[in-house]
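Student: This is the structure I have questions about; it appears just below.
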Amino acid sequence: MSLRIAWIGGVPGLRETGGVPGVATDLIHGLAALGHRIDCFIPGSGRELPERLRGDARITFVWGTAKWRRNRWYNRGRIVTALTAMLSRSAASLRLRREVLRRHRAEPYDVIYQFSNIESLSAPARLRRSVPLVVHPETHAAGELSWLVRERRAGVSCQPLHEYALARLTLGVRAFIQSRRIGRADLLICISSVFRDHMLRDYRFPLARTVVIPNPVRLERFAALDGARATTGTVLVLGRVAARKGIEDVVALARLLRERHTDARLRIVGGPGSWSDYTGLLEGLPDASEYAGRVEAAHVPDELARADVLLQASKYEPFGLTVGEALAAGVPVVATTEVGAVEGVDRSVATVVDPGSVQAMAGAIEEMLARLRAQPEQVRAAARTQAQRLFDPAHVCAQISTALLELSARRAHA
């Protein structure tokens, strides 16, 4: 059975370089491959699409014609840029709402699939009784706000006070709106059990209307990497240098590894987040470690090709695509219990420690490096196997398709 789906939000990535745009591309392509017909309502100006989405008769794109552009007078500064982009998407979403209704009248939708953005305005309220709403977020504002508040000393020390205050106010407003709108969802697709637990606690969403399905990872991006490469002791920290990412723990870990004379060095890759900038904390890194700054998403496979272990030290991480990408590249992982992507990964290639436990991180890294030096090909092959088992896009899309079909059937018999 195939469904007619109204996809709202989540812009596919043209260059197939991962991130949330890459997840959107994988999901649209995978659901269409299963026979579903998808109208994609995107709150932005029309743009070139990934090759695998072009010319597919089952996929139609409807653009919201947002006029927002980078580096204009109205978006000078990192946080103001994030705020104006959000406002522009909201205005475009309102325009798209009318088009969703028009197309539904012409041929009814079976499901509204709201990806990435909880508070999107594109889903018409008048369709709630006849069309089930599925919300599939990648993060939530309450979680971001919680750690911004907990780490306020670090935040204020690393960025101007007015930027911190504006970020806190914006996330507070978004968290309030999300807490009101999330209750409209008939099904909440959670990218990890960690994320589901936070959503249930912060927004009081009912457990019975949730399902846990991980994000997909495009495995072929990393298939050509050499699994027999030498072990050099490089520990890669890949992602935003921002609140909740455990940056202060990374700095403490680098110092501890030096004190213990461990044959390992940290390489930190990433730039500031939209709402916080913790790059100032990295000035305390010892000489043996390095901060490489932001790199283009296309170069992530190159970074992983030079890494032995990926460290994900986050205090809270709804998923952590870098974990799935590292495993796909044959790189084992050390992560905290608050990182969603390590759920279900065999512990031979993913060691899990408590958030903030720097001693445990150091021990796990030393143990993983020893394992790699003893059996490099076996460890890297096992990592790739775990990525294939958990994050293969076809497998992930099949799980989502099953959840959508079951939801549609329940609504039809209600």
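Letters A, B, ... go to the chains of the structure tokens in the order shown; residues in each chain start at 1; ligands are counted from 1 in the same order.
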Among region 174-309 of chain A, which residues carry a DSSP assignment of alpha helix (DSSP H), reported as an MDAnalysis selection string?

Tutor: chainID A and resid 174:181 193:203 247:259 300:305

Student: Print the selection's residues with N, CA, C and O atoms to a file, as a compact mmCIF listing (two decimals), in the first residue's frame.

Tutor:
# COMPACT_ATOMS: atom_id res chain seq x y z
N ARG A 174 10.66 29.92 21.64
CA ARG A 174 10.50 28.73 20.81
C ARG A 174 10.07 27.53 21.65
O ARG A 174 9.22 26.74 21.23
N ALA A 175 10.66 27.37 22.83
CA ALA A 175 10.30 26.24 23.69
C ALA A 175 8.83 26.32 24.10
O ALA A 175 8.13 25.29 24.13
N PHE A 176 8.35 27.52 24.39
CA PHE A 176 6.94 27.68 24.77
C PHE A 176 6.03 27.32 23.60
O PHE A 176 5.06 26.58 23.76
N ILE A 177 6.36 27.82 22.41
CA ILE A 177 5.54 27.53 21.23
C ILE A 177 5.56 26.03 20.93
O ILE A 177 4.53 25.42 20.65
N GLN A 178 6.74 25.43 20.98
CA GLN A 178 6.85 24.00 20.70
C GLN A 178 6.04 23.17 21.69
O GLN A 178 5.40 22.18 21.32
N SER A 179 6.07 23.56 22.97
CA SER A 179 5.33 22.79 23.97
C SER A 179 3.83 22.83 23.72
O SER A 179 3.11 21.89 24.09
N ARG A 180 3.35 23.92 23.09
CA ARG A 180 1.92 24.03 22.77
C ARG A 180 1.57 23.27 21.48
O ARG A 180 0.50 22.67 21.38
N ARG A 181 2.46 23.32 20.50
CA ARG A 181 2.14 22.75 19.19
C ARG A 181 2.42 21.25 19.09
O ARG A 181 1.82 20.56 18.28
N SER A 193 16.07 6.98 21.94
CA SER A 193 15.35 6.89 23.21
C SER A 193 15.72 8.04 24.13
O SER A 193 14.89 8.52 24.91
N VAL A 194 16.98 8.47 24.06
CA VAL A 194 17.41 9.64 24.83
C VAL A 194 16.55 10.84 24.47
O VAL A 194 16.04 11.55 25.35
N PHE A 195 16.37 11.07 23.18
CA PHE A 195 15.58 12.20 22.73
C PHE A 195 14.13 12.05 23.17
O PHE A 195 13.49 13.01 23.62
N ARG A 196 13.59 10.84 23.04
CA ARG A 196 12.20 10.61 23.46
C ARG A 196 12.03 10.92 24.94
O ARG A 196 11.04 11.55 25.33
N ASP A 197 12.97 10.50 25.77
CA ASP A 197 12.86 10.77 27.20
C ASP A 197 12.80 12.27 27.48
O ASP A 197 12.02 12.73 28.33
N HIS A 198 13.60 13.04 26.77
CA HIS A 198 13.60 14.50 26.95
C HIS A 198 12.29 15.11 26.46
O HIS A 198 11.76 16.03 27.09
N MET A 199 11.77 14.62 25.36
CA MET A 199 10.52 15.15 24.82
C MET A 199 9.35 14.86 25.76
O MET A 199 8.48 15.71 25.97
N LEU A 200 9.34 13.66 26.33
CA LEU A 200 8.27 13.31 27.26
C LEU A 200 8.34 14.16 28.52
O LEU A 200 7.31 14.59 29.05
N ARG A 201 9.56 14.41 28.98
CA ARG A 201 9.72 15.19 30.21
C ARG A 201 9.48 16.68 29.98
O ARG A 201 8.75 17.33 30.73
N ASP A 202 10.09 17.24 28.93
CA ASP A 202 10.04 18.68 28.72
C ASP A 202 8.71 19.15 28.15
O ASP A 202 8.24 20.25 28.49
N TYR A 203 8.10 18.34 27.28
CA TYR A 203 6.87 18.76 26.62
C TYR A 203 5.66 17.91 27.02
O TYR A 203 4.57 18.09 26.47
N ILE A 247 32.37 20.82 25.72
CA ILE A 247 33.65 21.38 25.28
C ILE A 247 34.62 21.54 26.45
O ILE A 247 35.83 21.28 26.31
N GLU A 248 34.11 21.95 27.61
CA GLU A 248 35.00 22.10 28.76
C GLU A 248 35.57 20.74 29.16
O GLU A 248 36.73 20.64 29.62
N ASP A 249 34.81 19.66 28.98
CA ASP A 249 35.30 18.32 29.28
C ASP A 249 36.36 17.89 28.27
O ASP A 249 37.31 17.18 28.62
N VAL A 250 36.19 18.30 27.03
CA VAL A 250 37.19 17.98 26.00
C VAL A 250 38.53 18.62 26.34
O VAL A 250 39.59 18.00 26.22
N VAL A 251 38.50 19.88 26.79
CA VAL A 251 39.73 20.57 27.16
C VAL A 251 40.38 19.87 28.36
O VAL A 251 41.59 19.63 28.38
N ALA A 252 39.57 19.52 29.37
CA ALA A 252 40.10 18.82 30.54
C ALA A 252 40.67 17.46 30.15
O ALA A 252 41.70 17.02 30.69
N LEU A 253 40.02 16.79 29.21
CA LEU A 253 40.49 15.48 28.75
C LEU A 253 41.84 15.61 28.05
O LEU A 253 42.74 14.78 28.26
N ALA A 254 41.99 16.64 27.23
CA ALA A 254 43.27 16.83 26.53
C ALA A 254 44.40 17.01 27.53
O ALA A 254 45.50 16.45 27.35
N ARG A 255 44.15 17.75 28.59
CA ARG A 255 45.17 17.94 29.62
C ARG A 255 45.47 16.63 30.35
O ARG A 255 46.63 16.31 30.63
N LEU A 256 44.42 15.87 30.65
CA LEU A 256 44.61 14.61 31.37
C LEU A 256 45.40 13.61 30.53
O LEU A 256 46.29 12.92 31.05
N LEU A 257 45.09 13.52 29.25
CA LEU A 257 45.83 12.59 28.38
C LEU A 257 47.31 12.96 28.31
O LEU A 257 48.18 12.08 28.28
N ARG A 258 47.59 14.27 28.33
CA ARG A 258 48.99 14.69 28.34
C ARG A 258 49.67 14.32 29.65
O ARG A 258 50.80 13.83 29.66
N GLU A 259 48.96 14.53 30.78
CA GLU A 259 49.52 14.20 32.08
C GLU A 259 49.79 12.70 32.21
O GLU A 259 50.77 12.29 32.86
N VAL A 300 34.24 16.03 5.67
CA VAL A 300 34.08 15.16 6.84
C VAL A 300 34.67 13.77 6.59
O VAL A 300 35.37 13.22 7.46
N PRO A 301 34.43 13.12 5.43
CA PRO A 301 35.06 11.82 5.20
C PRO A 301 36.59 11.89 5.29
O PRO A 301 37.22 10.94 5.78
N ASP A 302 37.19 12.99 4.84
CA ASP A 302 38.64 13.13 4.93
C ASP A 302 39.10 13.19 6.38
O ASP A 302 40.14 12.62 6.75
N GLU A 303 38.34 13.91 7.21
CA GLU A 303 38.68 13.99 8.63
C GLU A 303 38.59 12.61 9.28
O GLU A 303 39.46 12.22 10.07
N LEU A 304 37.54 11.88 8.95
CA LEU A 304 37.37 10.55 9.54
C LEU A 304 38.42 9.57 9.03
O LEU A 304 38.82 8.65 9.75
N ALA A 305 38.89 9.78 7.81
CA ALA A 305 39.93 8.90 7.26
C ALA A 305 41.24 9.02 8.03
O ALA A 305 42.05 8.09 8.05

Student: Which residues are close to Ala223 (chain A), i.e. within 10 Å by only C-alpha atoms, leaving aside same-chain residues fewer than 2 positions away? Reply as number ranges by chain.

Tutor: A: 218-221, 225-227, 301, 328-330, 384

Student: Limited to C-alpha atoms, could you put the picked residues into a file as an mmCIF file, in the first residue's frame?

Tutor:
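File written: out.cif
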data_model
loop_
_atom_site.group_PDB
_atom_site.id
_atom_site.type_symbol
_atom_site.label_atom_id
_atom_site.label_comp_id
_atom_site.auth_asym_id
_atom_site.auth_seq_id
_atom_site.Cartn_x
_atom_site.Cartn_y
_atom_site.Cartn_z
ATOM 1 C CA ARG A 218 24.476 7.601 3.537
ATOM 2 C CA LEU A 219 26.988 4.795 3.896
ATOM 3 C CA GLU A 220 28.477 5.099 0.415
ATOM 4 C CA ARG A 221 30.037 8.463 1.350
ATOM 5 C CA LEU A 225 37.963 4.843 3.060
ATOM 6 C CA ASP A 226 40.870 2.497 3.739
ATOM 7 C CA GLY A 227 39.989 0.131 6.571
ATOM 8 C CA PRO A 301 35.064 11.824 5.200
ATOM 9 C CA ALA A 328 30.396 3.968 8.559
ATOM 10 C CA ALA A 329 33.992 5.111 8.072
ATOM 11 C CA GLY A 330 35.291 2.276 10.257
ATOM 12 C CA ARG A 384 31.152 -0.594 9.489
#

Student: Pick out the closest residue to Ala394 (chain A) from this set: A:Ala32, A:Val342, A:Leu133, A:Ala288. Count only C-alpha atoms.

Tutor: A:Ala32

Student: Would you pick out the contacts of His136 (chain A) at 8 Å or less, using only C-alpha atoms, so that residues sharing its chain but fewer than 6 positions from it are not included, and give the list as a ChimeraX atom specification?

Tutor: /A:113-118,188-191

Student: Include N, CA, C and O atoms and write out the residues we just selected as an mmCIF file, in the first residue's frame.

Tutor:
data_model
loop_
_atom_site.group_PDB
_atom_site.id
_atom_site.type_symbol
_atom_site.label_atom_id
_atom_site.label_comp_id
_atom_site.auth_asym_id
_atom_site.auth_seq_id
_atom_site.Cartn_x
_atom_site.Cartn_y
_atom_site.Cartn_z
ATOM 1 N N TYR A 113 3.623 14.974 7.083
ATOM 2 C CA TYR A 113 4.901 14.572 7.683
ATOM 3 C C TYR A 113 5.738 15.837 7.906
ATOM 4 O O TYR A 113 6.272 16.415 6.969
ATOM 5 N N GLN A 114 5.841 16.257 9.152
ATOM 6 C CA GLN A 114 6.530 17.508 9.496
ATOM 7 C C GLN A 114 7.923 17.164 9.992
ATOM 8 O O GLN A 114 8.107 16.696 11.109
ATOM 9 N N PHE A 115 8.916 17.409 9.162
ATOM 10 C CA PHE A 115 10.288 17.001 9.465
ATOM 11 C C PHE A 115 11.121 18.170 9.991
ATOM 12 O O PHE A 115 11.041 19.281 9.474
ATOM 13 N N SER A 116 11.892 17.903 11.018
ATOM 14 C CA SER A 116 12.915 18.782 11.568
ATOM 15 C C SER A 116 12.379 19.890 12.465
ATOM 16 O O SER A 116 12.886 20.105 13.554
ATOM 17 N N ASN A 117 11.343 20.602 12.035
ATOM 18 C CA ASN A 117 10.876 21.779 12.759
ATOM 19 C C ASN A 117 9.563 21.493 13.480
ATOM 20 O O ASN A 117 8.545 21.265 12.846
ATOM 21 N N ILE A 118 9.568 21.534 14.801
ATOM 22 C CA ILE A 118 8.370 21.229 15.579
ATOM 23 C C ILE A 118 7.301 22.289 15.388
ATOM 24 O O ILE A 118 6.111 21.985 15.280
ATOM 25 N N LEU A 188 4.884 10.939 17.057
ATOM 26 C CA LEU A 188 6.168 11.623 17.193
ATOM 27 C C LEU A 188 7.274 10.622 16.905
ATOM 28 O O LEU A 188 7.430 9.638 17.640
ATOM 29 N N ILE A 189 7.994 10.825 15.814
ATOM 30 C CA ILE A 189 9.130 9.973 15.488
ATOM 31 C C ILE A 189 10.350 10.534 16.206
ATOM 32 O O ILE A 189 10.787 11.651 15.928
ATOM 33 N N CYS A 190 10.905 9.761 17.135
ATOM 34 C CA CYS A 190 12.046 10.200 17.933
ATOM 35 C C CYS A 190 13.304 9.517 17.421
ATOM 36 O O CYS A 190 13.318 8.304 17.201
ATOM 37 N N ILE A 191 14.362 10.282 17.248
ATOM 38 C CA ILE A 191 15.577 9.747 16.629
ATOM 39 C C ILE A 191 16.434 8.940 17.605
ATOM 40 O O ILE A 191 17.437 8.355 17.203
#

Student: Can you list, as a list of chain:residue names, every residue of region 167-345 of chain A that DSSP puts in strand (DSSP E)?

Tutor: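 Selecting the strand (DSSP E) positions of region 167-345 of chain A gives A:Leu187, A:Leu188, A:Ile189, A:Cys190, A:Thr210, A:Val211, A:Val212, A:Thr234, A:Val235, A:Leu236, A:Val237, A:Leu238, A:Arg265, A:Leu266, A:Arg267, A:Ile268, A:Val269, A:Glu290, A:Tyr291, A:Ala292, A:Gly293, A:Val309, A:Leu310, A:Leu311, A:Gln312, A:Val333, A:Val334, A:Ala335, A:Thr336.
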
Student: Just want the 12 Å neighbourhood of Gly363 (chain A), counted on only C-alpha atoms, with same-chain residues fewer than 4 positions away dropped. Output as a PDB file with N, CA, C and O atoms, in the first residue's frame.

Tutor:
ATOM      1  N   LEU A 253      40.017  16.785  29.208  1.00  0.00           N
ATOM      2  CA  LEU A 253      40.492  15.482  28.746  1.00  0.00           C
ATOM      3  C   LEU A 253      41.843  15.612  28.055  1.00  0.00           C
ATOM      4  O   LEU A 253      42.740  14.783  28.257  1.00  0.00           O
ATOM      5  N   LEU A 256      44.423  15.873  30.648  1.00  0.00           N
ATOM      6  CA  LEU A 256      44.609  14.613  31.366  1.00  0.00           C
ATOM      7  C   LEU A 256      45.398  13.606  30.534  1.00  0.00           C
ATOM      8  O   LEU A 256      46.289  12.921  31.052  1.00  0.00           O
ATOM      9  N   LEU A 257      45.088  13.515  29.250  1.00  0.00           N
ATOM     10  CA  LEU A 257      45.827  12.591  28.379  1.00  0.00           C
ATOM     11  C   LEU A 257      47.306  12.961  28.314  1.00  0.00           C
ATOM     12  O   LEU A 257      48.176  12.081  28.281  1.00  0.00           O
ATOM     13  N   ARG A 260      48.930  11.890  31.580  1.00  0.00           N
ATOM     14  CA  ARG A 260      49.089  10.437  31.664  1.00  0.00           C
ATOM     15  C   ARG A 260      50.037   9.898  30.589  1.00  0.00           C
ATOM     16  O   ARG A 260      50.257   8.685  30.497  1.00  0.00           O
ATOM     17  N   THR A 262      49.598   9.559  27.535  1.00  0.00           N
ATOM     18  CA  THR A 262      48.899   8.678  26.599  1.00  0.00           C
ATOM     19  C   THR A 262      49.286   9.030  25.174  1.00  0.00           C
ATOM     20  O   THR A 262      49.348  10.214  24.802  1.00  0.00           O
ATOM     21  N   ALA A 264      48.087   9.740  22.429  1.00  0.00           N
ATOM     22  CA  ALA A 264      46.862  10.169  21.755  1.00  0.00           C
ATOM     23  C   ALA A 264      46.842  11.687  21.691  1.00  0.00           C
ATOM     24  O   ALA A 264      47.401  12.372  22.557  1.00  0.00           O
ATOM     25  N   VAL A 334      33.808   6.755  21.236  1.00  0.00           N
ATOM     26  CA  VAL A 334      33.634   6.918  22.683  1.00  0.00           C
ATOM     27  C   VAL A 334      32.626   8.042  22.856  1.00  0.00           C
ATOM     28  O   VAL A 334      32.818   9.141  22.327  1.00  0.00           O
ATOM     29  N   THR A 351      32.209   2.673  23.134  1.00  0.00           N
ATOM     30  CA  THR A 351      32.272   2.703  24.588  1.00  0.00           C
ATOM     31  C   THR A 351      31.459   3.878  25.095  1.00  0.00           C
ATOM     32  O   THR A 351      31.580   4.996  24.581  1.00  0.00           O
ATOM     33  N   VAL A 352      30.638   3.636  26.112  1.00  0.00           N
ATOM     34  CA  VAL A 352      29.732   4.657  26.628  1.00  0.00           C
ATOM     35  C   VAL A 352      30.128   5.007  28.061  1.00  0.00           C
ATOM     36  O   VAL A 352      30.341   4.111  28.894  1.00  0.00           O
ATOM     37  N   VAL A 353      30.235   6.309  28.341  1.00  0.00           N
ATOM     38  CA  VAL A 353      30.615   6.797  29.671  1.00  0.00           C
ATOM     39  C   VAL A 353      29.600   7.844  30.120  1.00  0.00           C
ATOM     40  O   VAL A 353      28.815   8.355  29.324  1.00  0.00           O
ATOM     41  N   SER A 357      32.390  12.757  32.788  1.00  0.00           N
ATOM     42  CA  SER A 357      33.353  11.871  33.421  1.00  0.00           C
ATOM     43  C   SER A 357      34.639  11.829  32.599  1.00  0.00           C
ATOM     44  O   SER A 357      34.846  10.935  31.763  1.00  0.00           O
ATOM     45  N   VAL A 358      35.510  12.774  32.853  1.00  0.00           N
ATOM     46  CA  VAL A 358      36.736  12.916  32.056  1.00  0.00           C
ATOM     47  C   VAL A 358      37.660  11.722  32.269  1.00  0.00           C
ATOM     48  O   VAL A 358      38.290  11.230  31.317  1.00  0.00           O
ATOM     49  N   GLN A 359      37.762  11.249  33.501  1.00  0.00           N
ATOM     50  CA  GLN A 359      38.602  10.073  33.770  1.00  0.00           C
ATOM     51  C   GLN A 359      38.128   8.869  32.964  1.00  0.00           C
ATOM     52  O   GLN A 359      38.933   8.141  32.394  1.00  0.00           O
ATOM     53  N   GLU A 367      41.760   2.383  26.047  1.00  0.00           N
ATOM     54  CA  GLU A 367      41.369   0.999  25.773  1.00  0.00           C
ATOM     55  C   GLU A 367      41.019   0.800  24.304  1.00  0.00           C
ATOM     56  O   GLU A 367      41.393  -0.208  23.691  1.00  0.00           O
ATOM     57  N   MET A 368      40.308   1.771  23.711  1.00  0.00           N
ATOM     58  CA  MET A 368      39.919   1.637  22.311  1.00  0.00           C
ATOM     59  C   MET A 368      41.134   1.698  21.393  1.00  0.00           C
ATOM     60  O   MET A 368      41.232   0.949  20.396  1.00  0.00           O
ATOM     61  N   LEU A 369      42.080   2.574  21.706  1.00  0.00           N
ATOM     62  CA  LEU A 369      43.300   2.661  20.892  1.00  0.00           C
ATOM     63  C   LEU A 369      44.110   1.368  20.994  1.00  0.00           C
ATOM     64  O   LEU A 369      44.667   0.900  19.992  1.00  0.00           O
ATOM     65  N   ALA A 370      44.160   0.782  22.193  1.00  0.00           N
ATOM     66  CA  ALA A 370      44.872  -0.494  22.354  1.00  0.00           C
ATOM     67  C   ALA A 370      44.201  -1.589  21.532  1.00  0.00           C
ATOM     68  O   ALA A 370      44.876  -2.422  20.900  1.00  0.00           O
TER      69      ALA A 370
END

Student: CA of Gly320 (chain A) to CA of Thr337 (chain A): how many Å, to one decimal?

Tutor: 11.9 Å

Student: Which is closer to Ala243 (chain A) than all the others in A:Gly143, A:Pro332, A:Gly183, A:Pro286, using only C-alpha atoms?

Tutor: A:Gly143

Student: Report as a count of residues only all protein, DNA and RNA residues lying within 12 Å of region 371-382 of chain A, evaluated on only C-alpha atoms, omitting residues in the same chain fewer than 5 positions from it.

Tutor: 38

Student: Could you check how far CA of Val396 (chain A) sits from CA of Ile28 (chain A), in Å to one decimal?

Tutor: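 These two atoms are separated by 11.6 Å.
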
Student: Using only C-alpha atoms, determine which residues lie at most 7 Å from Val339 (chain A), disregarding the query and same-chain residues fewer than 2 positions distant; provide the list as a CSV table (one decimal) with N, CA, C and O atoms, in the first residue's frame.

Tutor:
chain,number,residue,atom,x,y,z
A,314,SER,N,29.1,15.1,24.4
A,314,SER,CA,28.0,15.9,24.7
A,314,SER,C,27.3,15.6,26.0
A,314,SER,O,27.2,14.4,26.4
A,316,TYR,N,24.2,16.4,26.3
A,316,TYR,CA,22.9,16.0,25.7
A,316,TYR,C,23.0,16.1,24.2
A,316,TYR,O,23.4,17.1,23.6
A,317,GLU,N,22.6,15.0,23.5
A,317,GLU,CA,22.7,14.9,22.0
A,317,GLU,C,21.5,14.1,21.5
A,317,GLU,O,21.6,12.8,21.7
A,318,PRO,N,20.5,14.7,20.9
A,318,PRO,CA,19.4,13.9,20.5
A,318,PRO,C,19.7,12.7,19.6
A,318,PRO,O,19.1,11.7,19.7
A,319,PHE,N,20.7,12.9,18.8
A,319,PHE,CA,21.2,11.8,18.0
A,319,PHE,C,22.7,11.8,17.9
A,319,PHE,O,23.4,11.1,18.6
A,320,GLY,N,23.3,12.7,17.0
A,320,GLY,CA,24.7,12.7,16.8
A,320,GLY,C,25.1,12.0,15.5
A,320,GLY,O,25.6,10.9,15.5
A,335,ALA,N,31.5,7.8,23.6
A,335,ALA,CA,30.5,8.8,23.7
A,335,ALA,C,29.8,8.7,25.1
A,335,ALA,O,30.0,7.7,25.8
A,336,THR,N,29.1,9.7,25.4
A,336,THR,CA,28.4,9.7,26.7
A,336,THR,C,27.0,9.0,26.6
A,336,THR,O,26.5,8.8,25.5
A,337,THR,N,26.5,8.7,27.7
A,337,THR,CA,25.2,8.0,27.7
A,337,THR,C,24.0,8.9,27.2
A,337,THR,O,22.9,8.4,26.9
A,341,ALA,N,22.8,8.4,19.3
A,341,ALA,CA,23.2,7.5,18.2
A,341,ALA,C,24.0,6.2,18.6
A,341,ALA,O,24.1,5.3,17.8
A,342,VAL,N,24.4,6.2,19.9
A,342,VAL,CA,25.2,5.0,20.3
A,342,VAL,C,24.2,3.9,20.8
A,342,VAL,O,24.7,2.8,21.1

Student: From the options A:Leu166, A:Arg240, A:Arg95, A:Met1, which residue's atoms come nearest to Gly35 (chain A), counting only C-alpha atoms?

Tutor: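 For Gly35 (chain A), the nearest of the candidates is A:Met1.
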
Student: So, counting only C-alpha atoms, which residue among A:Pro216, A:Gly19, A:Gly270, A:Gly55 is closest to Pro393 (chain A)?

Tutor: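 Among the listed residues, the smallest separation from Pro393 (chain A) belongs to A:Pro216.
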
Student: Would you please work out which residue, of A:Arg4, A:Arg126, A:Arg265, A:His162, is nearest to Ala362 (chain A) when using only C-alpha atoms?

Tutor: A:Arg265

Student: Per residue of region 130-213 of chain A within 10 Å of region 100-109 of chain A, record the nearest atom pair and its distance in Å to one decimal, counting only C-alpha atoms, with rows in chain order and ascending residue number, as a tab-separated table.

Tutor:
residue	atom	partner	partner_atom	distance
A:Ser130	CA	A:Tyr109	CA	9.1
A:Val131	CA	A:Tyr109	CA	6.8
A:Pro132	CA	A:Tyr109	CA	9.2

Student: Go ahead and dump the residues you just picked, N, CA and C atoms, as a short mmCIF file (atom, residue, chain, number, x, y, z; two decimals), in the first residue's frame.

Tutor:
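Result went into selection_23.cif, see below:
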data_model
loop_
_atom_site.label_atom_id
_atom_site.label_comp_id
_atom_site.auth_asym_id
_atom_site.auth_seq_id
_atom_site.Cartn_x
_atom_site.Cartn_y
_atom_site.Cartn_z
N SER A 130 -8.98 15.11 9.77
CA SER A 130 -9.06 14.17 8.66
C SER A 130 -7.71 13.58 8.25
N VAL A 131 -6.62 14.27 8.55
CA VAL A 131 -5.28 13.81 8.12
C VAL A 131 -4.37 13.73 9.34
N PRO A 132 -3.79 12.56 9.64
CA PRO A 132 -2.89 12.45 10.80
C PRO A 132 -1.60 13.25 10.59
#

Student: Between CA of Glu343 (chain A) and CA of Ile8 (chain A), what distance in Å does the model show, to one decimal?

Tutor: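 One can read the CA of Glu343 (chain A) to CA of Ile8 (chain A) distance as 27.7 Å.
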
Student: Between A:Val23, A:Ile182, A:Leu310, A:Cys397, which residue has the minimum interatomic distance to Thr210 (chain A), considering only C-alpha atoms?

Tutor: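 Selected residue with least distance to Thr210 (chain A): A:Ile182.
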